[in-house]
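To start, the structure under review is shown below, and the notes come after it.
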Amino acid sequence: MKAIKRVVAVVVVLAVAAGVGFWERPVSYFNGAMYLKQCLAGAKSRSVTVAGHRVHYYAEGPTAGPPVVLVHGLGGRSEDWHNLAPYLVKAGFRVYLPDLPGYGRSEQPADFSYSVPDEAAAVVGFLDALGLKQVDLGGWSMGGAIVQHVAARHPERVQKLMLFDAAGLYVVPPGMCGCLRPPRRQTWTNWMCC
């Protein structure tokens, strides 16, 4: 009987400690759950050095499968792709999910600009570090703008470009009459001219 009371007391103390910990640091618990889910899904957590900085990434799927690299958005991390990655793995792709420099579990260097062009250079450096010559490259939000930069500057490295609710590049299509652009950048009223 005393042993049962001790076990119950230990369980209650552990439950209270877990509850207090969750109350104090809920994001840490959420992150731990995401890391566990990635691990249980078969994703391998790894790191490479890109331009002198440690970049964390997950790799999952068959090693001989065609490579897919998915780039997260602003304020994101590699785990943001946890719903899509299993479908790509099931289709036979080797999926790489990097944390851009400054995000997720990658290094947060003080000497890095975190601009879209510099993050695009980090993606190219990531491809080089893993020896990936040509990939299907996807990006979400700011990651979409980053992968567009990669595709524009290194088209030989991108077999397919996938954009998910992506930020865009400012390029005026040829023959555009200007109807959907404001006549002056300072004035946003009466901008529909057609």
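Identifiers for the structure tokens are assigned positionally: chains receive A, B, ... in sequence, residues are indexed from 1 per chain, and ligands are indexed from 1 in the order shown.
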
Legend entry - Which of region 26-115 of chain A fall in strand (DSSP E), as a VMD selection string: chain A and resid 44 to 50 53 to 60 67 to 71 94 to 98

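Here CA of Leu36 (chain A) and CA of Glu60 (chain A) stand 14.2 Å from one another.
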
Please produce, as JSON lines, a per-residue contact table for region 42-121 of chain A versus region 128-139 of chain A (criterion: any atom at most 6 Å away, only C-alpha atoms considered), showing the nearest atom pair and its distance in Å to one decimal, sorted by chain then residue number.
{"residue": "A:Pro67", "atom": "CA", "partner": "A:Val135", "partner_atom": "CA", "distance": 5.3}
{"residue": "A:Val68", "atom": "CA", "partner": "A:Asp136", "partner_atom": "CA", "distance": 4.7}
{"residue": "A:Val69", "atom": "CA", "partner": "A:Leu137", "partner_atom": "CA", "distance": 5.0}
{"residue": "A:Leu70", "atom": "CA", "partner": "A:Gly138", "partner_atom": "CA", "distance": 4.7}
{"residue": "A:Val71", "atom": "CA", "partner": "A:Gly139", "partner_atom": "CA", "distance": 4.6}

Could you write those residues out with C-alpha atoms, as a PDB file, in the first residue's frame?
ATOM      1  CA  PRO A  67      16.568  15.579 -54.198  1.00  0.00           C
ATOM      2  CA  VAL A  68      14.016  18.140 -53.068  1.00  0.00           C
ATOM      3  CA  VAL A  69      15.084  21.136 -50.955  1.00  0.00           C
ATOM      4  CA  LEU A  70      12.362  23.094 -49.159  1.00  0.00           C
ATOM      5  CA  VAL A  71      13.151  26.564 -47.765  1.00  0.00           C
TER       6      VAL A  71
END

Legend entry - Option closest in space to Val48 (chain A), from A:Gly65, A:Gly125, A:Gly102, A:Gly21 [counting only C-alpha atoms]: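 Closest residue, counting only C-alpha atoms: A:Gly125.
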
Legend entry - Counting only C-alpha atoms, the residue of A:Leu100, A:Ala41, A:Ile146, A:Ala167 that sits nearest His82 (chain A):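 Of A:Leu100, A:Ala41, A:Ile146, A:Ala167, the one nearest His82 (chain A) is A:Ala41, counting only C-alpha atoms.
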
Legend entry - Residue list (alpha helix (DSSP H), DSSP) for region 28-135 of chain A, as a ChimeraX atom specification: /A:28-40,85-90,116-130
